[in-house]
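To keep things clear, I will list the structure first and then write my remarks on it.
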Amino acid sequence: MNEIIENTLHIISKISASRQGYLLQLSDQGYGILNIWGGKQEDFTSLNDLLFKLFKAGGIDTEKVASLPSVLTFLKERFSSSFLIKDLIFFSERNQFVYILLFSDNVDEFREESKNRIIPILSILSHQVKTWIELQTEKEIIPGEDGIVSAKGKRLIDEWENRFNLLIKTSPDLIFILDEAGKIVLINEASKNYLEYSPDEMKGKYFLDFVSKEDTSLINISLSKVLTEKKPIKFKIHLLTKYGKIFPLELSCNTIFNHHKVVGLLAVGKDLSEKYRYEMELQKLKPKVTEINRLLNIERSRVAPQKSVVEELNRLKYDFISSISHEFRTTLASIIGFSETIVSDPDLGDSMKEEFIKVIMSEGKRLAKLINYFLDTPSTDDNMIMINTTTFGLIKLVQDAINANNELAISKNININFEHPSEEVFIEADRDSLYQVINALINNAIRFTDELGRVKIVVNNFVREVEILVSDTGIGIPEEDQPYIFQRFFRVSRRLSDIPSVGVGLVFVKQIIDLHKGLITVQSEAGSGTTFLVKLPKRSKIDKNEVNLE
Amino acid sequence: MSKLIFIVDDEQSISKLLSFWVKDKWGYDVEIFPNSESMLKKLSSRPDLVLLDIMLPGLDGIETLKRIKQADEHLPVIMLSAQGRIDVAVDSIKYGAYDYFSKPIDQQKLELALKNAIRNYDLLKKPQRACKEGI
């Protein structure tokens with residue numbers, strides 16, 4: 001405001017000093033220079049502008065003033081006559097002011113005649129302008145009852161102003177005020193940290209010039225929203241720094257009112273760069289987390305089957321121990337039972353005694369085999385199992401094995417069917433072990449077959465070899481188990497509890513067949529039965545060293 | 001009248017031994033079965049005691065025991081096992097077995113158990129029969 005006053009005074013003094021003149025008409029509808037005498041057009045225009053603004057701001061009804069008969073008459077009189085300056089009309093009505101300056105076109109005359117009058121008139125004008133401005137300013141800040149601010153009020157205003165300045169200065173957030181046109185009126189020191197501009201560099205410039213290109217439409221929409229809705233709003237924008245960097249901000253905006261009119265916009269900008277940085281880091285970490293989770297899942301799914309394998313092995317171990325102890329106890333029960341009977345019963349007949357001793361012997365041999373089989377102890381020369389190759393009839397041997405299992409088959413109502421050549425087939429092999437093989441296969445076939453099932457045994461005679469097939473309609477062996485059935489410790493997992501004493505057989509069977517340089521294969525389907533095929537050379541050449549296997 | 005004892009065991013040598021003890025030495029009548037199914041069919045011939053192996057092909061010992069008890073809750077059953085497992089022994093007694101022997105079997109103890117079980121069964125049977133005969 002002081003600036004305006006100074007300017008006014010400066011221009012007035014300039015005009016007066018150069019002895020130029022003009023006629024001014026003022027009203028709130030418009031203003032204009034009616035006539036100019038000499039001097040520079042710009043000087044008058046500037047003065048004219050300033051005065052008009054003052055009038056406008058003051059809300060003076062200049063039309064009325066200008067059209068007052070006294071004024072009109074006065075003006076008419078002055079211009080119709082050829083004299084020079086005549087006066088400055090100073091009009092006042094209801095505290096409203098109208099200034100009309102009139103200078104003579106005759107500079108010399110003006111100088112001579114009005115010199116002494118002009119200066120006081122101008123000083124009156126200056127004084128009036130000054131007073132009016134002061135009144136006007138005070139009125140705007142604290143409208144007192146009569147528009148005058150007390151000394152105390154002034155102190156209060158200063159105090160608040162200081163606080164406001166301090167607040168703006170210390171705030172880490174960017175604070176700025178825009179005028180109606182969107183130019184920066186005020187901005188705090190945070191601009192240095194955020195945008196690398198000093199507040200002075202930014203003042204007076206359009207705020208939009210500092211906004212990143214991509215956000216211009218956003219800011220236009222947001223600002224017009226603030227202005228139309230007249231409510232505070234918040235939005236994110238990117239500003240351009242002095243050195244071309246992009247700086248993210250969260251802007252909170254509110255409008256500034258004066259007499260119910262929007263005169264500007266106050267905005268507070270919060271630094272988002274830190275938040276963005278964290279978000280960026282989070283974004284970077286996200287794939288890592290996904291990766292880790294994936295690895296964790298892979299590891300989990302990898303461990304799961306291992307766990308189940310361990311559990312399965314434990315179960316197999318338990319089954320094995322349980323089965324081994326059962327076999328041992330059963331055999332021992334026979335040996336101890338029969339020998340005790342012999343010892344404790346002196347009246348026992350010789351034939352009975354001999355029979356019992358035979359049982360003890362065969363059970364003892366069985367026990368030795370079991371121990372070798374289970375514990376895999378290397379045999380010595382005086383091995384309990386004597387491999388002794390003889391020539392014998394295979395059909396007879398198979399028939400013996402069938403007979404031995406007949407009772408079991410009958411009890412389960414299982415029909416045994418034996419097909420063989422009409423003539424006896426003689427082979428050279430270890431009869432005892434081969435008998436055990438055939439016996440085990442038949443016994444298994446019956447055990448694993450439900451009541452009313454069928455077991456079929458076929459002997460085929462070829463030129464160099466013989467073939468023995470043992471086929472049943474039993475529970476079968478699941479395909480996945482088939483590769484393992486000849487392995488030690490393996491028992492077909494299904495229906496385990498139903499089938500006692502299994503598992504001793506097939507490894508033993510395989511070993512005996514291998515010893516004879518034969519071949520054993522299995523074909524089976526779970527639920528529909530199993531067929532074992534044994535192929536043996538008619539003349540087995542048993543390597544004595546391999547006997548140690550058993 | 002001689003007492004009838006059923007022996008159920010799939011091990012032939014064990015059946016043979018038990019049969020010798022029970023029949024030849026202790027003087028009872030004996031019938032041998034290689035599995036439970038065949039034995040259960042003959043329950044109608046009213047045995048006085050059953051010697052029952054636990055691990056049997058087909059129907060196992062515990063299941064057989066339950067079926068025997070369904071048919072005649074007082075008929076004494078002595079369980080024989082080569083497993084030596086406590087839980088099986090406990091199960092046996094729970095389902096009404098008279099006694100439990102693990103293999104190898106002690107001859108004297110078995111003889112005593114057999115004798116006691118049969119006497120017990122006789123005592124339980126008599127009043128029932130007496131009632132039936134109207135005495």
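Going by the structure tokens order, chains are called A, B, ..., each with residues numbered from 1, while ligands are numbered from 1 in the order shown.
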
### Task
Tell me the residues of chain B close to chain A, meaning within 10 Å using only C-alpha atoms, as a PyMOL selection string.
chain B and resi 10-18+20-21+25+33-39+54-60+81-85+102-107

### Near-B:Asp72 list (12 Å; only C-alpha atoms; drop same-chain fewer than 3 positions) as a list in words
Leu40, Leu43, Ser44, Arg46, Pro47, Asp48, Leu49, Val50, Leu65, Lys66, Arg67, Ile68, Lys69, Leu75, Pro76, Val77, Gly96, Tyr121, Leu124 and Lys125 of chain B

Serialized selection, N, CA and C atoms, as a CSV table (one decimal), in the first residue's frame:
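This went into again-v1.csv:
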chain,number,residue,atom,x,y,z
B,40,LEU,N,-14.7,-122.2,13.8
B,40,LEU,CA,-16.0,-121.6,14.2
B,40,LEU,C,-17.2,-122.4,13.7
B,43,LEU,N,-18.1,-125.1,16.2
B,43,LEU,CA,-18.4,-124.7,17.6
B,43,LEU,C,-19.6,-125.5,18.1
B,44,SER,N,-20.5,-125.9,17.2
B,44,SER,CA,-21.7,-126.6,17.6
B,44,SER,C,-21.4,-127.9,18.3
B,46,ARG,N,-19.7,-128.3,20.7
B,46,ARG,CA,-19.5,-128.0,22.1
B,46,ARG,C,-18.2,-128.4,22.7
B,47,PRO,N,-17.1,-127.7,22.3
B,47,PRO,CA,-15.8,-127.9,23.0
B,47,PRO,C,-15.9,-127.4,24.4
B,48,ASP,N,-14.9,-127.9,25.2
B,48,ASP,CA,-14.9,-127.4,26.6
B,48,ASP,C,-13.8,-126.3,26.8
B,49,LEU,N,-13.0,-126.2,25.7
B,49,LEU,CA,-12.0,-125.1,25.8
B,49,LEU,C,-11.4,-124.9,24.4
B,50,VAL,N,-10.9,-123.7,24.1
B,50,VAL,CA,-10.3,-123.4,22.8
B,50,VAL,C,-8.9,-122.9,23.1
B,65,LEU,N,-11.8,-114.7,18.9
B,65,LEU,CA,-12.2,-114.7,20.3
B,65,LEU,C,-13.6,-114.0,20.5
B,66,LYS,N,-13.7,-112.8,19.9
B,66,LYS,CA,-15.0,-112.1,20.0
B,66,LYS,C,-16.2,-113.0,19.5
B,67,ARG,N,-15.9,-113.7,18.4
B,67,ARG,CA,-17.0,-114.5,17.9
B,67,ARG,C,-17.4,-115.7,18.8
B,68,ILE,N,-16.3,-116.2,19.3
B,68,ILE,CA,-16.6,-117.4,20.3
B,68,ILE,C,-17.4,-116.9,21.5
B,69,LYS,N,-17.0,-115.7,22.0
B,69,LYS,CA,-17.7,-115.2,23.1
B,69,LYS,C,-19.2,-114.8,22.8
B,75,LEU,N,-17.5,-120.1,27.5
B,75,LEU,CA,-16.5,-121.1,26.9
B,75,LEU,C,-15.1,-120.5,27.1
B,76,PRO,N,-14.2,-121.2,27.9
B,76,PRO,CA,-12.9,-120.7,28.1
B,76,PRO,C,-12.0,-120.7,26.8
B,77,VAL,N,-11.3,-119.6,26.6
B,77,VAL,CA,-10.4,-119.5,25.5
B,77,VAL,C,-9.0,-119.1,26.0
B,96,GLY,N,-12.3,-111.2,27.0
B,96,GLY,CA,-12.8,-112.4,27.7
B,96,GLY,C,-12.0,-113.6,27.6
B,121,TYR,N,-15.5,-123.7,33.9
B,121,TYR,CA,-16.5,-123.8,32.9
B,121,TYR,C,-17.6,-124.8,33.3
B,124,LEU,N,-19.8,-123.3,36.0
B,124,LEU,CA,-20.8,-122.3,35.4
B,124,LEU,C,-21.9,-123.0,34.6
B,125,LYS,N,-21.5,-124.1,33.9
B,125,LYS,CA,-22.4,-124.8,33.1
B,125,LYS,C,-23.5,-125.5,33.9

### Message
For the strand (DSSP E) assignment from backbone DSSP, which residues of stretch 7-135 of chain B qualify? Please present them as a ChimeraX atom specification.
### Response
/B:7-8,29-33,49-53,77-81,99-102

### Query
Interatomic distance between atom CA of A:Val263 and atom CA of A:Ile175?
16.8 Å

### Task
In Å, rounded to a single decimal, give me how far atom CA of A:Leu167 is from atom CA of A:Gly182.
22.9 Å
